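Just target-v2.pdb here, PDB, C-alpha atoms, pLDDT in the B column:
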```
MODEL        1
ATOM      1  CA  MET Q   1       0.000   0.000   0.000  1.00 56.00           C
ATOM      2  CA  ASP Q   2       1.297   3.468  -0.887  1.00 70.00           C
ATOM      3  CA  ARG Q   3       2.224   6.043   1.735  1.00 80.00           C
ATOM      4  CA  LEU Q   4       0.227   9.215   1.130  1.00 90.00           C
ATOM      5  CA  THR Q   5       1.217  12.810   1.909  1.00 91.00           C
ATOM      6  CA  THR Q   6      -2.232  14.440   1.796  1.00 93.00           C
ATOM      7  CA  THR Q   7      -5.693  13.790   3.212  1.00 95.00           C
ATOM      8  CA  PRO Q   8      -9.186  15.023   2.373  1.00 95.00           C
ATOM      9  CA  ALA Q   9     -10.539  17.952   4.374  1.00 96.00           C
ATOM     10  CA  GLY Q  10     -13.089  17.473   7.138  1.00 96.00           C
ATOM     11  CA  VAL Q  11     -11.869  14.240   8.735  1.00 96.00           C
ATOM     12  CA  ALA Q  12     -12.405  14.420  12.515  1.00 97.00           C
ATOM     13  CA  LEU Q  13      -9.199  13.393  14.317  1.00 98.00           C
ATOM     14  CA  CYS Q  14      -9.801  13.988  18.036  1.00 98.00           C
ATOM     15  CA  ALA Q  15     -11.130  16.475  20.553  1.00 98.00           C
ATOM     16  CA  LEU Q  16      -8.724  19.338  21.280  1.00 97.00           C
ATOM     17  CA  ALA Q  17      -9.145  18.478  24.976  1.00 97.00           C
ATOM     18  CA  ASP Q  18      -7.626  15.036  24.267  1.00 96.00           C
ATOM     19  CA  LEU Q  19      -4.305  16.590  23.191  1.00 96.00           C
ATOM     20  CA  PRO Q  20      -1.863  17.514  25.967  1.00 95.00           C
ATOM     21  CA  ASP Q  21      -0.786  21.164  26.042  1.00 94.00           C
ATOM     22  CA  PRO Q  22       1.936  21.319  24.882  1.00 94.00           C
ATOM     23  CA  GLY Q  23       1.777  17.943  23.236  1.00 96.00           C
ATOM     24  CA  ALA Q  24       1.621  15.926  20.052  1.00 98.00           C
ATOM     25  CA  ARG Q  25      -0.260  12.935  18.731  1.00 98.00           C
ATOM     26  CA  ASN Q  26       0.211  10.576  15.815  1.00 97.00           C
ATOM     27  CA  PHE Q  27      -2.573   9.796  13.344  1.00 97.00           C
ATOM     28  CA  VAL Q  28      -2.683   7.085  10.677  1.00 96.00           C
ATOM     29  CA  LEU Q  29      -5.503   7.357   8.166  1.00 96.00           C
ATOM     30  CA  GLU Q  30      -6.326   4.355   6.025  1.00 94.00           C
ATOM     31  CA  MET Q  31      -7.697   5.465   2.654  1.00 92.00           C
ATOM     32  CA  ARG Q  32      -8.482   3.685  -0.557  1.00 90.00           C
ATOM     33  CA  ALA Q  33      -5.346   5.081  -2.250  1.00 91.00           C
ATOM     34  CA  GLY Q  34      -3.023   4.195   0.628  1.00 92.00           C
ATOM     35  CA  ARG Q  35      -2.075   5.032   4.194  1.00 95.00           C
ATOM     36  CA  PHE Q  36      -1.330   8.511   5.558  1.00 96.00           C
ATOM     37  CA  HIS Q  37       0.966   9.028   8.567  1.00 96.00           C
ATOM     38  CA  GLY Q  38       0.879  12.428  10.243  1.00 98.00           C
ATOM     39  CA  PHE Q  39       0.987  14.129  13.616  1.00 98.00           C
ATOM     40  CA  VAL Q  40      -0.573  17.143  15.268  1.00 98.00           C
ATOM     41  CA  VAL Q  41       1.195  19.478  17.709  1.00 98.00           C
ATOM     42  CA  ARG Q  42      -0.797  21.524  20.228  1.00 97.00           C
ATOM     43  CA  ARG Q  43       0.307  24.734  21.903  1.00 94.00           C
ATOM     44  CA  GLY Q  44      -2.537  26.414  23.743  1.00 93.00           C
ATOM     45  CA  GLU Q  45      -5.554  26.640  21.458  1.00 91.00           C
ATOM     46  CA  THR Q  46      -3.367  26.354  18.354  1.00 93.00           C
ATOM     47  CA  VAL Q  47      -2.685  23.131  16.465  1.00 97.00           C
ATOM     48  CA  ALA Q  48      -0.332  22.448  13.569  1.00 98.00           C
ATOM     49  CA  GLY Q  49      -0.157  19.279  11.522  1.00 98.00           C
ATOM     50  CA  PHE Q  50       2.770  17.661   9.740  1.00 98.00           C
ATOM     51  CA  VAL Q  51       3.402  14.614   7.581  1.00 97.00           C
ATOM     52  CA  ASP Q  52       5.337  12.168   9.774  1.00 97.00           C
ATOM     53  CA  GLN Q  53       8.495  12.099   7.655  1.00 96.00           C
ATOM     54  CA  CYS Q  54      11.817  13.736   8.488  1.00 95.00           C
ATOM     55  CA  PRO Q  55      13.279  15.635   5.510  1.00 95.00           C
ATOM     56  CA  HIS Q  56      16.728  14.259   6.428  1.00 92.00           C
ATOM     57  CA  MET Q  57      16.245  10.515   5.749  1.00 92.00           C
ATOM     58  CA  GLY Q  58      12.513  10.150   5.146  1.00 91.00           C
ATOM     59  CA  LEU Q  59      11.917   8.214   8.374  1.00 93.00           C
ATOM     60  CA  PRO Q  60       9.001   8.852  10.750  1.00 95.00           C
ATOM     61  CA  LEU Q  61      10.149  11.281  13.463  1.00 97.00           C
ATOM     62  CA  ALA Q  62       9.083   9.384  16.585  1.00 96.00           C
ATOM     63  CA  GLN Q  63      10.411   5.974  17.565  1.00 95.00           C
ATOM     64  CA  LYS Q  64       7.891   5.865  20.448  1.00 96.00           C
ATOM     65  CA  LEU Q  65       4.191   6.530  19.858  1.00 95.00           C
ATOM     66  CA  ASP Q  66       3.314  10.250  20.145  1.00 96.00           C
ATOM     67  CA  ASP Q  67       6.885  11.176  21.264  1.00 97.00           C
ATOM     68  CA  TYR Q  68       7.447  14.143  18.937  1.00 98.00           C
ATOM     69  CA  LEU Q  69       8.467  16.984  21.260  1.00 97.00           C
ATOM     70  CA  THR Q  70      11.599  17.846  23.193  1.00 97.00           C
ATOM     71  CA  GLY Q  71      11.395  17.399  26.982  1.00 94.00           C
ATOM     72  CA  ASP Q  72      10.288  20.994  27.526  1.00 95.00           C
ATOM     73  CA  GLY Q  73       7.742  20.835  24.683  1.00 94.00           C
ATOM     74  CA  SER Q  74       9.289  23.761  22.820  1.00 96.00           C
ATOM     75  CA  LEU Q  75      10.452  21.955  19.643  1.00 97.00           C
ATOM     76  CA  ILE Q  76       9.621  18.937  17.504  1.00 98.00           C
ATOM     77  CA  ALA Q  77      12.504  16.446  17.613  1.00 97.00           C
ATOM     78  CA  CYS Q  78      13.424  13.621  15.241  1.00 97.00           C
ATOM     79  CA  SER Q  79      14.346  10.724  17.511  1.00 96.00           C
ATOM     80  CA  TRP Q  80      16.617   9.126  14.887  1.00 95.00           C
ATOM     81  CA  HIS Q  81      19.241  11.807  14.221  1.00 94.00           C
ATOM     82  CA  GLY Q  82      18.307  14.713  16.491  1.00 95.00           C
ATOM     83  CA  ALA Q  83      16.890  17.206  13.987  1.00 97.00           C
ATOM     84  CA  LEU Q  84      14.875  19.969  15.713  1.00 98.00           C
ATOM     85  CA  PHE Q  85      11.893  21.748  14.176  1.00 98.00           C
ATOM     86  CA  ARG Q  86       9.734  24.745  15.151  1.00 97.00           C
ATOM     87  CA  PRO Q  87       6.178  23.587  15.923  1.00 96.00           C
ATOM     88  CA  GLU Q  88       4.569  26.647  14.367  1.00 94.00           C
ATOM     89  CA  ASP Q  89       5.932  26.036  10.843  1.00 96.00           C
ATOM     90  CA  GLY Q  90       8.030  22.832  10.847  1.00 97.00           C
ATOM     91  CA  HIS Q  91      11.242  24.680   9.914  1.00 98.00           C
ATOM     92  CA  CYS Q  92      14.394  22.784  10.951  1.00 97.00           C
ATOM     93  CA  VAL Q  93      16.512  24.879  13.330  1.00 97.00           C
ATOM     94  CA  GLY Q  94      19.125  22.280  14.280  1.00 97.00           C
ATOM     95  CA  GLY Q  95      20.575  18.933  13.275  1.00 95.00           C
ATOM     96  CA  PRO Q  96      21.304  17.257   9.956  1.00 95.00           C
ATOM     97  CA  CYS Q  97      18.560  18.960   7.928  1.00 94.00           C
ATOM     98  CA  THR Q  98      18.912  22.574   9.144  1.00 93.00           C
ATOM     99  CA  GLY Q  99      17.052  24.902   6.798  1.00 94.00           C
ATOM    100  CA  LEU Q 100      14.640  22.256   5.479  1.00 97.00           C
ATOM    101  CA  THR Q 101      10.991  22.085   6.536  1.00 97.00           C
ATOM    102  CA  LEU Q 102       8.592  19.338   7.540  1.00 98.00           C
ATOM    103  CA  ARG Q 103       5.755  18.910   5.062  1.00 97.00           C
ATOM    104  CA  SER Q 104       2.676  20.671   6.391  1.00 97.00           C
ATOM    105  CA  TRP Q 105      -0.559  18.735   6.980  1.00 97.00           C
ATOM    106  CA  PRO Q 106      -3.453  21.231   7.091  1.00 97.00           C
ATOM    107  CA  VAL Q 107      -5.525  20.844  10.270  1.00 97.00           C
ATOM    108  CA  GLU Q 108      -7.943  23.109  12.134  1.00 97.00           C
ATOM    109  CA  VAL Q 109      -9.975  23.215  15.322  1.00 97.00           C
ATOM    110  CA  ARG Q 110     -13.715  23.566  14.815  1.00 95.00           C
ATOM    111  CA  ASN Q 111     -16.187  23.312  17.702  1.00 96.00           C
ATOM    112  CA  GLY Q 112     -13.482  21.793  19.903  1.00 96.00           C
ATOM    113  CA  ILE Q 113     -12.631  19.044  17.372  1.00 97.00           C
ATOM    114  CA  VAL Q 114      -9.312  18.793  15.517  1.00 98.00           C
ATOM    115  CA  ARG Q 115     -10.056  18.096  11.840  1.00 97.00           C
ATOM    116  CA  THR Q 116      -8.163  17.868   8.598  1.00 98.00           C
ATOM    117  CA  ALA Q 117      -8.432  21.072   6.577  1.00 97.00           C
ATOM    118  CA  ALA Q 118      -8.105  22.128   2.958  1.00 93.00           C
ATOM    119  CA  PRO Q 119      -4.595  23.222   1.947  1.00 87.00           C
ATOM    120  CA  ALA Q 120      -3.907  26.943   2.228  1.00 78.00           C
ATOM    121  CA  ALA Q 121      -4.253  28.693  -1.121  1.00 62.00           C
ATOM    122  CA  ALA Q 122      -0.661  29.987  -0.912  1.00 46.00           C
ATOM    123  CA  GLU Q 123       0.835  26.474  -0.736  1.00 45.00           C
ATOM    124  CA  ASP Q 124       1.357  24.418  -3.834  1.00 43.00           C
ATOM    125  CA  GLU Q 125       1.006  20.635  -3.835  1.00 43.00           C
ATOM    126  CA  ASN Q 126       4.603  20.226  -2.614  1.00 41.00           C
ATOM    127  CA  GLY Q 127       4.001  22.205   0.571  1.00 42.00           C
ATOM    128  CA  PRO Q 128       5.966  25.244   1.777  1.00 41.00           C
ATOM    129  CA  GLY Q 129       9.242  25.788  -0.021  1.00 38.00           C
ATOM    130  CA  GLY Q 130       8.435  22.779  -2.180  1.00 36.00           C
TER     131      GLY Q 130
ENDMDL
END
```
Once you've parsed the file, please lay out its structure as structure tokens.
Amino acid sequence: MDRLTTTPAGVALCALADLPDPGARNFVLEMRAGRFHGFVVRRGETVAGFVDQCPHMGLPLAQKLDDYLTGDGSLIACSWHGALFRPEDGHCVGGPCTGLTLRSWPVEVRNGIVRTAAPAAAEDENGPGG
């Protein structure tokens, strides 16, 4: 089965209250065309979603389920080679892929539920900087 990098809009993922603050959670969506692996990061009332694939080697970031953040919750960390990413935009600020960016996964909070969203008009199909 193929590994997908996009999802349809409107898929309910979880209640915002079910995400730790700060915190992150993995989601795998099984679709007819393949399987999507992504994760959502919460900081306050804000959530950001990313495809679960480090730009350095293409591996998923977490070796342990939902373990995407540094100990203090301030950055996303790749557990394989130590790359560090800003949770607000996925930009790598340290490690082997400095300057690259995680692929964005559009998500939103509506009525207290985290859902997949339509891609932002400014992003092309390859994501930011793609």
Near segment 24-46 of chain Q, 10 Å: segment 51-118 of chain Q residue rows, closest pairs, only C-alpha atoms, as a Markdown table:
```
| residue | atom | partner | partner_atom | distance |
| --- | --- | --- | --- | --- |
| Q:Val51 | CA | Q:Gly38 | CA | 4.3 |
| Q:Asp52 | CA | Q:Gly38 | CA | 4.5 |
| Q:Gln53 | CA | Q:Gly38 | CA | 8.1 |
| Q:Pro60 | CA | Q:His37 | CA | 8.3 |
| Q:Leu61 | CA | Q:Phe39 | CA | 9.6 |
| Q:Ala62 | CA | Q:Asn26 | CA | 9.0 |
| Q:Leu65 | CA | Q:Asn26 | CA | 7.0 |
| Q:Asp66 | CA | Q:Arg25 | CA | 4.7 |
| Q:Asp67 | CA | Q:Ala24 | CA | 7.2 |
| Q:Tyr68 | CA | Q:Ala24 | CA | 6.2 |
| Q:Leu69 | CA | Q:Ala24 | CA | 7.0 |
| Q:Gly73 | CA | Q:Arg43 | CA | 8.8 |
| Q:Ser74 | CA | Q:Arg43 | CA | 9.1 |
| Q:Leu75 | CA | Q:Val41 | CA | 9.8 |
| Q:Ile76 | CA | Q:Val41 | CA | 8.4 |
| Q:Pro87 | CA | Q:Val41 | CA | 6.7 |
| Q:Glu88 | CA | Q:Val41 | CA | 8.6 |
| Q:Arg103 | CA | Q:Gly38 | CA | 9.6 |
| Q:Ser104 | CA | Q:Gly38 | CA | 9.3 |
| Q:Trp105 | CA | Q:Gly38 | CA | 7.2 |
| Q:Pro106 | CA | Q:Val40 | CA | 9.6 |
| Q:Val107 | CA | Q:Val40 | CA | 7.9 |
| Q:Glu108 | CA | Q:Thr46 | CA | 8.4 |
| Q:Val109 | CA | Q:Thr46 | CA | 7.9 |
| Q:Gly112 | CA | Q:Glu45 | CA | 9.4 |
| Q:Val114 | CA | Q:Val40 | CA | 8.9 |
```
If I take atom CA of Gln63 of chain Q and atom CA of Cys78 of chain Q, how far is one from the other in Å, to one decimal?
8.5 Å
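Against this structure, the PyMOL selection byres ((chain Q and resi 85) around 9) ends up with Leu75, Ile76, Ala77, Cys78, Ala83, Leu84, Arg86, Pro87, Glu88, Asp89, Gly90, His91, Cys92, Val93, Gly94, Thr98, Thr101 and Leu102 of chain Q.
Residues matched by the PyMOL selection byres ((chain Q and resi 13) around 6) in this file are Q:Ala12, Q:Cys14, Q:Val114, Q:Arg115.
Taking only C-alpha atoms into account, Phe50 of chain Q lies nearest to Q:Thr7 out of the set Q:Thr7, Q:Thr70, Q:Asn111, Q:Ser79.
One distance worth recording is that between atom CA of Gly49 of chain Q and atom CA of Thr116 of chain Q, which is 8.6 Å.
With atom CA of Arg110 of chain Q on one side and atom CA of Val11 of chain Q on the other, the separation reads 11.3 Å.
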